[in-house]
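Coordinates from query-v2.tsv are shown below (TSV, N, CA and C atoms and all ligand atoms).
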chain	number	residue	atom	x	y	z
G	822	MET	N	-7.55	50.13	54.70
G	822	MET	CA	-7.43	48.94	53.89
G	822	MET	C	-6.77	49.27	52.57
G	823	SER	N	-7.27	50.29	51.90
G	823	SER	CA	-6.71	50.66	50.60
G	823	SER	C	-5.28	51.15	50.74
G	824	VAL	N	-5.01	51.86	51.83
G	824	VAL	CA	-3.68	52.44	52.03
G	824	VAL	C	-2.65	51.31	52.19
G	825	LEU	N	-3.01	50.25	52.94
G	825	LEU	CA	-2.10	49.13	53.15
G	825	LEU	C	-1.72	48.48	51.83
G	826	ASN	N	-2.65	48.52	50.89
G	826	ASN	CA	-2.47	47.82	49.64
G	826	ASN	C	-1.86	48.69	48.55
G	827	ALA	N	-1.70	49.98	48.83
G	827	ALA	CA	-1.30	50.91	47.77
G	827	ALA	C	0.06	50.55	47.21
G	828	ASP	N	0.18	50.70	45.90
G	828	ASP	CA	1.45	50.50	45.20
G	828	ASP	C	2.11	51.87	45.06
G	829	PRO	N	3.28	52.07	45.69
G	829	PRO	CA	3.89	53.41	45.70
G	829	PRO	C	4.26	53.93	44.31
G	830	GLN	N	4.36	53.02	43.33
G	830	GLN	CA	4.69	53.44	41.97
G	830	GLN	C	3.45	53.80	41.15
G	831	CYS	N	2.27	53.52	41.70
G	831	CYS	CA	1.05	53.56	40.88
G	831	CYS	C	0.40	54.94	40.92
G	832	ILE	N	0.19	55.50	39.74
G	832	ILE	CA	-0.36	56.85	39.63
G	832	ILE	C	-1.79	56.93	40.19
G	833	PHE	N	-2.58	55.87	39.98
G	833	PHE	CA	-3.96	55.91	40.49
G	833	PHE	C	-4.00	55.70	42.01
G	834	CYS	N	-3.08	54.91	42.57
G	834	CYS	CA	-2.98	54.84	44.03
G	834	CYS	C	-2.64	56.22	44.61
G	835	LYS	N	-1.79	56.96	43.89
G	835	LYS	CA	-1.42	58.31	44.35
G	835	LYS	C	-2.62	59.25	44.25
G	836	ILE	N	-3.43	59.08	43.23
G	836	ILE	CA	-4.65	59.90	43.10
G	836	ILE	C	-5.61	59.60	44.25
G	837	ILE	N	-5.79	58.32	44.56
G	837	ILE	CA	-6.67	57.94	45.68
G	837	ILE	C	-6.17	58.56	46.98
G	838	ALA	N	-4.84	58.54	47.16
G	838	ALA	CA	-4.23	59.07	48.40
G	838	ALA	C	-4.20	60.60	48.42
G	839	GLY	N	-4.55	61.24	47.31
G	839	GLY	CA	-4.53	62.70	47.25
G	839	GLY	C	-3.14	63.25	46.98
G	840	GLN	N	-2.18	62.37	46.66
G	840	GLN	CA	-0.81	62.83	46.39
G	840	GLN	C	-0.69	63.43	45.00
G	841	ILE	N	-1.62	63.04	44.10
G	841	ILE	CA	-1.75	63.67	42.79
G	841	ILE	C	-3.17	64.20	42.73
G	842	PRO	N	-3.34	65.49	42.39
G	842	PRO	CA	-4.69	66.04	42.37
G	842	PRO	C	-5.56	65.43	41.27
G	843	SER	N	-6.85	65.37	41.51
G	843	SER	CA	-7.79	64.91	40.49
G	843	SER	C	-9.12	65.60	40.72
G	844	ARG	N	-9.96	65.58	39.72
G	844	ARG	CA	-11.33	66.11	39.86
G	844	ARG	C	-12.22	64.95	40.25
G	845	LYS	N	-12.53	64.87	41.53
G	845	LYS	CA	-13.26	63.72	42.08
G	845	LYS	C	-14.73	63.74	41.67
G	846	VAL	N	-15.22	62.57	41.32
G	846	VAL	CA	-16.63	62.38	40.97
G	846	VAL	C	-17.36	61.69	42.11
G	847	TYR	N	-16.68	60.76	42.79
G	847	TYR	CA	-17.34	59.93	43.80
G	847	TYR	C	-16.28	59.25	44.64
G	848	GLU	N	-16.60	58.99	45.91
G	848	GLU	CA	-15.70	58.21	46.76
G	848	GLU	C	-16.50	57.51	47.84
G	849	ASP	N	-16.19	56.25	48.09
G	849	ASP	CA	-16.65	55.58	49.31
G	849	ASP	C	-15.49	54.74	49.83
G	850	GLU	N	-15.75	53.81	50.74
G	850	GLU	CA	-14.63	53.08	51.35
G	850	GLU	C	-13.91	52.14	50.37
G	851	ASP	N	-14.59	51.75	49.31
G	851	ASP	CA	-14.02	50.77	48.37
G	851	ASP	C	-13.67	51.35	47.00
G	852	VAL	N	-14.30	52.43	46.64
G	852	VAL	CA	-14.31	52.89	45.25
G	852	VAL	C	-13.98	54.38	45.18
G	853	PHE	N	-13.27	54.77	44.10
G	853	PHE	CA	-12.97	56.18	43.84
G	853	PHE	C	-13.29	56.44	42.37
G	854	ALA	N	-13.83	57.60	42.06
G	854	ALA	CA	-14.10	57.95	40.66
G	854	ALA	C	-13.67	59.39	40.43
G	855	PHE	N	-13.08	59.63	39.24
G	855	PHE	CA	-12.52	60.96	38.93
G	855	PHE	C	-12.50	61.18	37.43
G	856	HIS	N	-12.50	62.44	37.04
G	856	HIS	CA	-12.50	62.77	35.61
G	856	HIS	C	-11.18	62.39	34.96
G	857	ASP	N	-11.26	61.82	33.77
G	857	ASP	CA	-10.06	61.51	33.00
G	857	ASP	C	-9.36	62.82	32.60
G	858	ILE	N	-8.04	62.84	32.72
G	858	ILE	CA	-7.28	64.06	32.43
G	858	ILE	C	-7.29	64.38	30.93
G	859	ASN	N	-7.58	63.37	30.12
G	859	ASN	CA	-7.51	63.50	28.67
G	859	ASN	C	-8.81	62.97	28.04
G	860	PRO	N	-9.91	63.70	28.22
G	860	PRO	CA	-11.22	63.12	27.87
G	860	PRO	C	-11.42	62.88	26.38
G	861	TRP	N	-12.05	61.76	26.05
G	861	TRP	CA	-12.41	61.42	24.67
G	861	TRP	C	-13.79	61.93	24.33
G	862	ALA	N	-14.58	62.22	25.31
G	862	ALA	CA	-16.01	62.48	25.14
G	862	ALA	C	-16.39	63.61	26.09
G	863	PRO	N	-17.54	64.27	25.86
G	863	PRO	CA	-17.95	65.36	26.75
G	863	PRO	C	-17.99	64.95	28.22
G	864	VAL	N	-18.40	63.71	28.48
G	864	VAL	CA	-18.31	63.14	29.83
G	864	VAL	C	-17.29	62.00	29.75
G	865	HIS	N	-16.28	62.02	30.57
G	865	HIS	CA	-15.30	60.92	30.58
G	865	HIS	C	-14.68	60.86	31.97
G	866	PHE	N	-15.12	59.88	32.73
G	866	PHE	CA	-14.51	59.70	34.05
G	866	PHE	C	-14.14	58.23	34.23
G	867	LEU	N	-13.35	57.97	35.26
G	867	LEU	CA	-12.85	56.62	35.55
G	867	LEU	C	-13.36	56.20	36.91
G	868	ILE	N	-13.80	54.95	37.00
G	868	ILE	CA	-14.18	54.37	38.30
G	868	ILE	C	-13.14	53.32	38.64
G	869	ILE	N	-12.55	53.42	39.82
G	869	ILE	CA	-11.48	52.50	40.19
G	869	ILE	C	-11.72	51.95	41.60
G	870	PRO	N	-11.28	50.70	41.84
G	870	PRO	CA	-11.27	50.21	43.22
G	870	PRO	C	-10.16	50.90	43.99
G	871	LYS	N	-10.35	51.14	45.27
G	871	LYS	CA	-9.26	51.73	46.06
G	871	LYS	C	-8.12	50.74	46.23
G	872	ARG	N	-8.46	49.47	46.30
G	872	ARG	CA	-7.43	48.42	46.39
G	872	ARG	C	-6.68	48.34	45.07
G	873	HIS	N	-5.37	48.23	45.14
G	873	HIS	CA	-4.57	48.15	43.90
G	873	HIS	C	-4.71	46.76	43.29
G	874	ILE	N	-5.56	46.66	42.28
G	874	ILE	CA	-5.70	45.45	41.46
G	874	ILE	C	-5.19	45.88	40.09
G	875	PRO	N	-4.20	45.18	39.51
G	875	PRO	CA	-3.60	45.70	38.27
G	875	PRO	C	-4.57	45.81	37.10
G	876	SER	N	-5.45	44.83	36.94
G	876	SER	CA	-6.33	44.85	35.76
G	876	SER	C	-7.45	43.84	35.93
G	877	MET	N	-8.31	43.72	34.93
G	877	MET	CA	-9.36	42.68	34.94
G	877	MET	C	-8.75	41.28	34.92
G	878	ALA	N	-7.50	41.16	34.47
G	878	ALA	CA	-6.87	39.83	34.42
G	878	ALA	C	-6.63	39.25	35.81
G	879	GLN	N	-6.61	40.10	36.84
G	879	GLN	CA	-6.39	39.63	38.21
G	879	GLN	C	-7.71	39.46	38.97
G	880	VAL	N	-8.81	39.68	38.33
G	880	VAL	CA	-10.11	39.63	39.01
G	880	VAL	C	-10.61	38.19	39.08
G	881	GLY	N	-11.12	37.82	40.24
G	881	GLY	CA	-11.71	36.49	40.43
G	881	GLY	C	-12.96	36.60	41.29
G	882	GLN	N	-13.37	35.45	41.84
G	882	GLN	CA	-14.61	35.43	42.62
G	882	GLN	C	-14.53	36.36	43.82
G	883	ALA	N	-13.34	36.54	44.38
G	883	ALA	CA	-13.19	37.39	45.56
G	883	ALA	C	-13.54	38.84	45.26
G	884	GLU	N	-13.52	39.22	44.00
G	884	GLU	CA	-13.80	40.61	43.60
G	884	GLU	C	-15.24	40.81	43.12
G	885	GLU	N	-16.06	39.76	43.21
G	885	GLU	CA	-17.42	39.88	42.65
G	885	GLU	C	-18.21	41.03	43.29
G	886	ALA	N	-18.14	41.15	44.60
G	886	ALA	CA	-18.93	42.19	45.27
G	886	ALA	C	-18.43	43.58	44.88
G	887	LEU	N	-17.11	43.71	44.83
G	887	LEU	CA	-16.51	45.00	44.46
G	887	LEU	C	-16.91	45.40	43.04
G	888	LEU	N	-16.81	44.44	42.12
G	888	LEU	CA	-17.17	44.75	40.73
G	888	LEU	C	-18.67	45.01	40.60
G	889	GLY	N	-19.45	44.28	41.37
G	889	GLY	CA	-20.90	44.53	41.36
G	889	GLY	C	-21.20	45.95	41.81
G	890	LYS	N	-20.48	46.38	42.82
G	890	LYS	CA	-20.68	47.75	43.32
G	890	LYS	C	-20.33	48.77	42.23
G	891	ILE	N	-19.21	48.55	41.55
G	891	ILE	CA	-18.79	49.48	40.49
G	891	ILE	C	-19.82	49.49	39.36
G	892	MET	N	-20.29	48.30	38.96
G	892	MET	CA	-21.28	48.24	37.88
G	892	MET	C	-22.58	48.93	38.28
G	893	GLY	N	-22.92	48.83	39.54
G	893	GLY	CA	-24.13	49.52	40.02
G	893	GLY	C	-23.98	51.03	40.07
G	894	LEU	N	-22.77	51.47	40.33
G	894	LEU	CA	-22.51	52.92	40.40
G	894	LEU	C	-22.45	53.56	39.02
G	895	ALA	N	-21.97	52.81	38.03
G	895	ALA	CA	-21.69	53.41	36.71
G	895	ALA	C	-22.90	54.16	36.13
G	896	PRO	N	-24.09	53.57	36.04
G	896	PRO	CA	-25.20	54.30	35.44
G	896	PRO	C	-25.64	55.51	36.26
G	897	LYS	N	-25.55	55.39	37.55
G	897	LYS	CA	-25.95	56.50	38.44
G	897	LYS	C	-24.99	57.68	38.27
G	898	LEU	N	-23.69	57.40	38.31
G	898	LEU	CA	-22.70	58.47	38.16
G	898	LEU	C	-22.74	59.04	36.75
G	899	ALA	N	-22.98	58.19	35.75
G	899	ALA	CA	-23.04	58.67	34.37
G	899	ALA	C	-24.13	59.74	34.23
G	900	LEU	N	-25.29	59.49	34.76
G	900	LEU	CA	-26.37	60.48	34.68
G	900	LEU	C	-26.00	61.73	35.47
G	901	GLU	N	-25.44	61.54	36.66
G	901	GLU	CA	-25.06	62.70	37.49
G	901	GLU	C	-24.03	63.58	36.78
G	902	GLN	N	-23.17	62.96	35.98
G	902	GLN	CA	-22.09	63.71	35.33
G	902	GLN	C	-22.50	64.29	33.98
G	903	GLY	N	-23.73	64.05	33.57
G	903	GLY	CA	-24.22	64.71	32.36
G	903	GLY	C	-24.47	63.82	31.17
G	904	CYS	N	-24.28	62.51	31.31
G	904	CYS	CA	-24.70	61.62	30.23
G	904	CYS	C	-26.22	61.71	30.12
G	905	GLU	N	-26.71	61.65	28.88
G	905	GLU	CA	-28.15	61.77	28.69
G	905	GLU	C	-28.79	60.39	28.88
G	906	PRO	N	-30.11	60.38	29.17
G	906	PRO	CA	-30.75	59.10	29.49
G	906	PRO	C	-30.78	58.12	28.32
G	907	TYR	N	-30.73	56.86	28.65
G	907	TYR	CA	-30.92	55.75	27.72
G	907	TYR	C	-32.35	55.81	27.19
G	908	PRO	N	-32.61	55.50	25.91
G	908	PRO	CA	-31.67	54.96	24.93
G	908	PRO	C	-31.04	56.02	24.03
G	909	GLN	N	-31.55	57.23	23.96
G	909	GLN	CA	-30.96	58.21	23.04
G	909	GLN	C	-29.58	58.64	23.53
G	910	GLY	N	-29.42	58.71	24.85
G	910	GLY	CA	-28.13	59.06	25.43
G	910	GLY	C	-27.33	57.80	25.69
G	911	GLY	N	-27.11	57.53	26.96
G	911	GLY	CA	-26.35	56.34	27.33
G	911	GLY	C	-24.88	56.66	27.54
G	912	PHE	N	-24.08	55.62	27.56
G	912	PHE	CA	-22.65	55.80	27.82
G	912	PHE	C	-21.91	54.56	27.37
G	913	ARG	N	-20.59	54.69	27.27
G	913	ARG	CA	-19.71	53.56	26.99
G	913	ARG	C	-18.96	53.22	28.27
G	914	LEU	N	-18.91	51.92	28.58
G	914	LEU	CA	-18.19	51.42	29.76
G	914	LEU	C	-17.08	50.52	29.26
G	915	LEU	N	-15.84	50.80	29.64
G	915	LEU	CA	-14.70	50.16	28.99
G	915	LEU	C	-13.60	49.87	30.02
G	916	ALA	N	-13.07	48.66	29.97
G	916	ALA	CA	-11.94	48.30	30.83
G	916	ALA	C	-10.83	47.71	29.96
G	917	ASN	N	-9.91	48.55	29.51
G	917	ASN	CA	-8.76	48.08	28.75
G	917	ASN	C	-7.92	47.18	29.65
G	918	THR	N	-7.49	46.04	29.11
G	918	THR	CA	-6.80	45.05	29.95
G	918	THR	C	-5.54	44.54	29.25
G	919	GLY	N	-4.40	44.85	29.81
G	919	GLY	CA	-3.12	44.39	29.25
G	919	GLY	C	-2.68	45.22	28.06
G	920	ASP	N	-1.47	44.98	27.64
G	920	ASP	CA	-0.88	45.77	26.55
G	920	ASP	C	-1.71	45.65	25.27
G	921	GLN	N	-2.06	44.42	24.92
G	921	GLN	CA	-2.83	44.23	23.68
G	921	GLN	C	-4.27	44.72	23.84
G	922	GLY	N	-4.71	44.86	25.07
G	922	GLY	CA	-6.03	45.44	25.34
G	922	GLY	C	-6.00	46.96	25.41
G	923	GLY	N	-4.81	47.54	25.24
G	923	GLY	CA	-4.71	49.00	25.21
G	923	GLY	C	-4.62	49.65	26.58
G	924	GLN	N	-4.25	48.86	27.61
G	924	GLN	CA	-4.18	49.41	28.96
G	924	GLN	C	-2.86	50.15	29.16
G	925	GLU	N	-2.95	51.39	29.65
G	925	GLU	CA	-1.75	52.19	29.91
G	925	GLU	C	-1.45	52.29	31.40
G	926	VAL	N	-2.48	52.42	32.21
G	926	VAL	CA	-2.29	52.53	33.66
G	926	VAL	C	-2.71	51.20	34.28
G	927	HIS	N	-1.77	50.57	34.99
G	927	HIS	CA	-2.02	49.21	35.49
G	927	HIS	C	-2.57	49.24	36.91
G	928	HIS	N	-3.67	49.94	37.07
G	928	HIS	CA	-4.55	49.89	38.25
G	928	HIS	C	-5.94	49.79	37.65
G	929	LEU	N	-6.65	48.73	37.96
G	929	LEU	CA	-7.95	48.46	37.34
G	929	LEU	C	-8.81	49.73	37.30
G	930	HIS	N	-9.33	50.02	36.11
G	930	HIS	CA	-10.21	51.19	35.98
G	930	HIS	C	-11.24	50.94	34.89
G	931	PHE	N	-12.41	51.50	35.11
G	931	PHE	CA	-13.50	51.44	34.14
G	931	PHE	C	-13.72	52.85	33.61
G	932	HIS	N	-13.54	53.01	32.30
G	932	HIS	CA	-13.86	54.29	31.68
G	932	HIS	C	-15.39	54.38	31.54
G	933	VAL	N	-15.94	55.53	31.87
G	933	VAL	CA	-17.34	55.82	31.56
G	933	VAL	C	-17.33	57.06	30.68
G	934	MET	N	-17.83	56.89	29.44
G	934	MET	CA	-17.81	57.97	28.45
G	934	MET	C	-19.19	58.20	27.90
G	935	GLY	N	-19.55	59.46	27.72
G	935	GLY	CA	-20.86	59.74	27.16
G	935	GLY	C	-20.99	61.20	26.78
G	936	GLY	N	-22.22	61.57	26.44
G	936	GLY	CA	-22.49	62.94	26.01
G	936	GLY	C	-22.64	62.99	24.50
G	937	PRO	N	-23.08	64.14	24.01
G	937	PRO	CA	-23.37	64.27	22.58
G	937	PRO	C	-22.15	64.00	21.71
G	938	ARG	N	-22.41	63.34	20.56
G	938	ARG	CA	-21.34	63.09	19.58
G	938	ARG	C	-21.30	64.24	18.58
G	939	PRO	N	-20.14	64.42	17.89
G	939	PRO	CA	-19.00	63.51	17.83
G	939	PRO	C	-18.10	63.61	19.05
G	940	TRP	N	-17.41	62.52	19.32
G	940	TRP	CA	-16.41	62.49	20.37
G	940	TRP	C	-15.03	62.63	19.74
G	941	LEU	N	-14.06	62.96	20.57
G	941	LEU	CA	-12.68	63.07	20.10
G	941	LEU	C	-12.17	61.73	19.58
G	942	ARG	N	-12.52	60.65	20.30
G	942	ARG	CA	-12.14	59.27	19.93
G	942	ARG	C	-13.26	58.34	20.35
G	943	GLY	N	-13.28	57.19	19.72
G	943	GLY	CA	-14.16	56.11	20.19
G	943	GLY	C	-15.59	56.16	19.70
G	1001	LIG	P1	-6.02	53.13	29.89
G	1001	LIG	O1	-5.40	53.45	28.57
G	1001	LIG	O2	-5.03	52.54	30.86
G	1001	LIG	O3	-7.30	52.35	29.80
G	1001	LIG	O4	-6.51	54.52	30.46
G	1001	LIG	C1	-5.78	55.30	31.36
G	1001	LIG	C2	-6.49	56.64	31.40
G	1001	LIG	O5	-6.00	57.33	32.53
G	1001	LIG	C3	-6.27	57.51	30.18
G	1001	LIG	O6	-7.51	57.81	29.56
G	1001	LIG	C4	-5.56	58.74	30.74
G	1001	LIG	O7	-6.00	59.94	30.13
G	1001	LIG	C5	-5.93	58.69	32.20
G	1001	LIG	N1	-4.91	59.27	33.08
G	1001	LIG	C6	-3.57	58.98	33.05
G	1001	LIG	N2	-2.94	59.70	33.99
G	1001	LIG	C7	-3.88	60.44	34.62
G	1001	LIG	C8	-3.82	61.39	35.69
G	1001	LIG	O8	-2.78	61.70	36.27
G	1001	LIG	N3	-5.00	61.95	36.07
G	1001	LIG	C9	-6.18	61.63	35.48
G	1001	LIG	N4	-7.28	62.26	35.94
G	1001	LIG	N5	-6.28	60.74	34.47
G	1001	LIG	C10	-5.13	60.16	34.04
G	1002	ZN	ZN	-2.74	51.42	42.17

Can you dump the structure from the file as structure tokens?
Ligand code: 5GP
Ligand code: ZN
Amino acid sequence: MSVLNADPQCIFCKIIAGQIPSRKVYEDEDVFAFHDINPWAPVHFLIIPKRHIPSMAQVGQAEEALLGKIMGLAPKLALEQGCEPYPQGGFRLLANTGDQGGQEVHHLHFHVMGGPRPWLRG
């Protein structure tokens, strides 16, 4: 399913396909997660749908289950990757959307950032 939808120009579609190497955090039939190549924080990984959706701007009711799955995974993966427990620990969950939203890669992704401060950014 994801392969049929892949955008050949998209760097994250290539990461899902294994054409660009990444440090994988998690994978199932719908979702892929991997460490950000340029981390802002001690823990910084991205959760992405395997289906090429450009951004949150293209999300509608049809994506509710997929987004629900990603939201459910975020706290579990955050703890597994070394974020400390809430409330002293916790994490930041971020989806930059569009140019003015600071989005650089146009394949929907959720940043999960955490770990002891100070962070490089954010
Ligand atoms: P955006 O600014 O679009 O929200 O975030 C894109 C993120 O993708 C950036 O934090 C950037 O470091 C990360 N990124 C861009 N290219 C690659 C790559 O080839 N591999 C990995 N692992 N992360 C990437
Ligand atoms: Zn893509």

Distance criterion (only C-alpha atoms): nearest to Lys845 of chain G out of G:Gln902, G:Gln882, G:Ser876, G:Asn826: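 Looking only at the distances to Lys845 of chain G, the closest residue turns out to be G:Gln902.
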
All residues having an atom within 8 Å of ligand LIG 1001 (chain G) (all atoms listed in the file) as a PyMOL selection string: chain G and resi 832-833+836+841-844+855-861+866-867+915-919+922-932

Strand (DSSP E) positions in chain G, given as a PyMOL selection string: chain G and resi 845-848+852-856+864-870+912-915+931-935

Among listed residues G:Gly889, G:Ile874, G:Pro863, G:Glu848, nearest ligand ZN 1002 (chain G) (using only C-alpha atoms and all ligand atoms):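 For ligand ZN 1002 (chain G), the nearest of the candidates is G:Ile874.
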
Surroundings of ligand ZN 1002 (chain G) up to 6 Å, based on only C-alpha atoms and all ligand atoms, as a list in words: Ala827, Asp828, Cys831, Phe833, Cys834, His873 and His928 of chain G

Residues of segment 886-919 of chain G in alpha helix (DSSP H), written as a VMD selection string: chain G and resid 886 to 901

Neighbours of point (-24.0, 61.4, 26.2) within 6.5 Å, using all atoms listed in the file, written as a VMD selection string: chain G and resid 864 903 to 905 910 to 912 934 to 938

Between atom CA of Leu894 of chain G and atom CA of Pro906 of chain G - distance in Å to one decimal: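 Those two atoms sit 15.0 Å apart.
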
Point-to-point distance in Å for atom CA of Gln830 of chain G and atom CA of Val880 of chain G: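 That distance, rounded to one decimal, is 20.5 Å.
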
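Taking atom N of Arg872 of chain G and atom CA of Lys897 of chain G as endpoints, the distance between them is 20.4 Å.
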
Distance query Leu887 of chain G at most 8 Å, only N, CA and C atoms, self and fewer than 6 positions along chain excluded, as a list in words: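 In the requested format, the answer is Asp851, Pro870 and Gly893 of chain G.
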
Using 8 Å of padding on each side, determine the axis-aligned box around all atoms of segment 896-903 of chain G present in the file and give its centre and edge lengths in Å to one decimal, as JSON.
{"center_x": -24.2, "center_y": 59.1, "center_z": 34.8, "size_x": 20.3, "size_y": 27.1, "size_z": 23.3}

Could you rebuild segment 918-926 of chain G with all heavy atoms and give it back as a JSON list (two decimals), in the coordinates of the input?
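Saved to result.json:
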[["chain", "number", "residue", "atom", "x", "y", "z"],
["G", 918, "THR", "N", -7.49, 46.04, 29.11],
["G", 918, "THR", "CA", -6.80, 45.05, 29.95],
["G", 918, "THR", "C", -5.54, 44.54, 29.25],
["G", 918, "THR", "O", -5.65, 43.91, 28.18],
["G", 918, "THR", "CB", -7.75, 43.88, 30.26],
["G", 918, "THR", "OG1", -8.94, 44.40, 30.87],
["G", 918, "THR", "CG2", -7.10, 42.88, 31.21],
["G", 919, "GLY", "N", -4.40, 44.85, 29.81],
["G", 919, "GLY", "CA", -3.12, 44.39, 29.25],
["G", 919, "GLY", "C", -2.68, 45.22, 28.06],
["G", 919, "GLY", "O", -3.43, 46.06, 27.54],
["G", 920, "ASP", "N", -1.47, 44.98, 27.64],
["G", 920, "ASP", "CA", -0.88, 45.77, 26.55],
["G", 920, "ASP", "C", -1.71, 45.65, 25.27],
["G", 920, "ASP", "O", -2.02, 46.65, 24.61],
["G", 920, "ASP", "CB", 0.56, 45.33, 26.28],
["G", 920, "ASP", "CG", 1.49, 45.70, 27.41],
["G", 920, "ASP", "OD1", 1.09, 46.52, 28.27],
["G", 920, "ASP", "OD2", 2.61, 45.16, 27.46],
["G", 921, "GLN", "N", -2.06, 44.42, 24.92],
["G", 921, "GLN", "CA", -2.83, 44.23, 23.68],
["G", 921, "GLN", "C", -4.27, 44.72, 23.84],
["G", 921, "GLN", "O", -4.94, 44.99, 22.85],
["G", 921, "GLN", "CB", -2.77, 42.77, 23.23],
["G", 921, "GLN", "CG", -1.36, 42.37, 22.79],
["G", 921, "GLN", "CD", -1.25, 40.92, 22.33],
["G", 921, "GLN", "OE1", -2.16, 40.13, 22.53],
["G", 921, "GLN", "NE2", -0.12, 40.58, 21.74],
["G", 922, "GLY", "N", -4.71, 44.86, 25.07],
["G", 922, "GLY", "CA", -6.03, 45.44, 25.34],
["G", 922, "GLY", "C", -6.00, 46.96, 25.41],
["G", 922, "GLY", "O", -7.03, 47.59, 25.65],
["G", 923, "GLY", "N", -4.81, 47.54, 25.24],
["G", 923, "GLY", "CA", -4.71, 49.00, 25.21],
["G", 923, "GLY", "C", -4.62, 49.65, 26.58],
["G", 923, "GLY", "O", -4.86, 50.84, 26.72],
["G", 924, "GLN", "N", -4.25, 48.86, 27.61],
["G", 924, "GLN", "CA", -4.18, 49.41, 28.96],
["G", 924, "GLN", "C", -2.86, 50.15, 29.16],
["G", 924, "GLN", "O", -1.79, 49.60, 28.88],
["G", 924, "GLN", "CB", -4.29, 48.27, 29.99],
["G", 924, "GLN", "CG", -4.30, 48.76, 31.43],
["G", 924, "GLN", "CD", -4.45, 47.62, 32.44],
["G", 924, "GLN", "OE1", -4.39, 46.44, 32.08],
["G", 924, "GLN", "NE2", -4.66, 47.99, 33.69],
["G", 925, "GLU", "N", -2.95, 51.39, 29.65],
["G", 925, "GLU", "CA", -1.75, 52.19, 29.91],
["G", 925, "GLU", "C", -1.45, 52.29, 31.40],
["G", 925, "GLU", "O", -0.29, 52.29, 31.81],
["G", 925, "GLU", "CB", -1.90, 53.57, 29.29],
["G", 925, "GLU", "CG", -1.83, 53.49, 27.76],
["G", 925, "GLU", "CD", -2.01, 54.84, 27.08],
["G", 925, "GLU", "OE1", -2.18, 55.85, 27.77],
["G", 925, "GLU", "OE2", -1.96, 54.84, 25.83],
["G", 926, "VAL", "N", -2.48, 52.42, 32.21],
["G", 926, "VAL", "CA", -2.29, 52.53, 33.66],
["G", 926, "VAL", "C", -2.71, 51.20, 34.28],
["G", 926, "VAL", "O", -3.86, 50.77, 34.13],
["G", 926, "VAL", "CB", -3.11, 53.69, 34.24],
["G", 926, "VAL", "CG1", -2.95, 53.75, 35.75],
["G", 926, "VAL", "CG2", -2.70, 55.03, 33.61]]
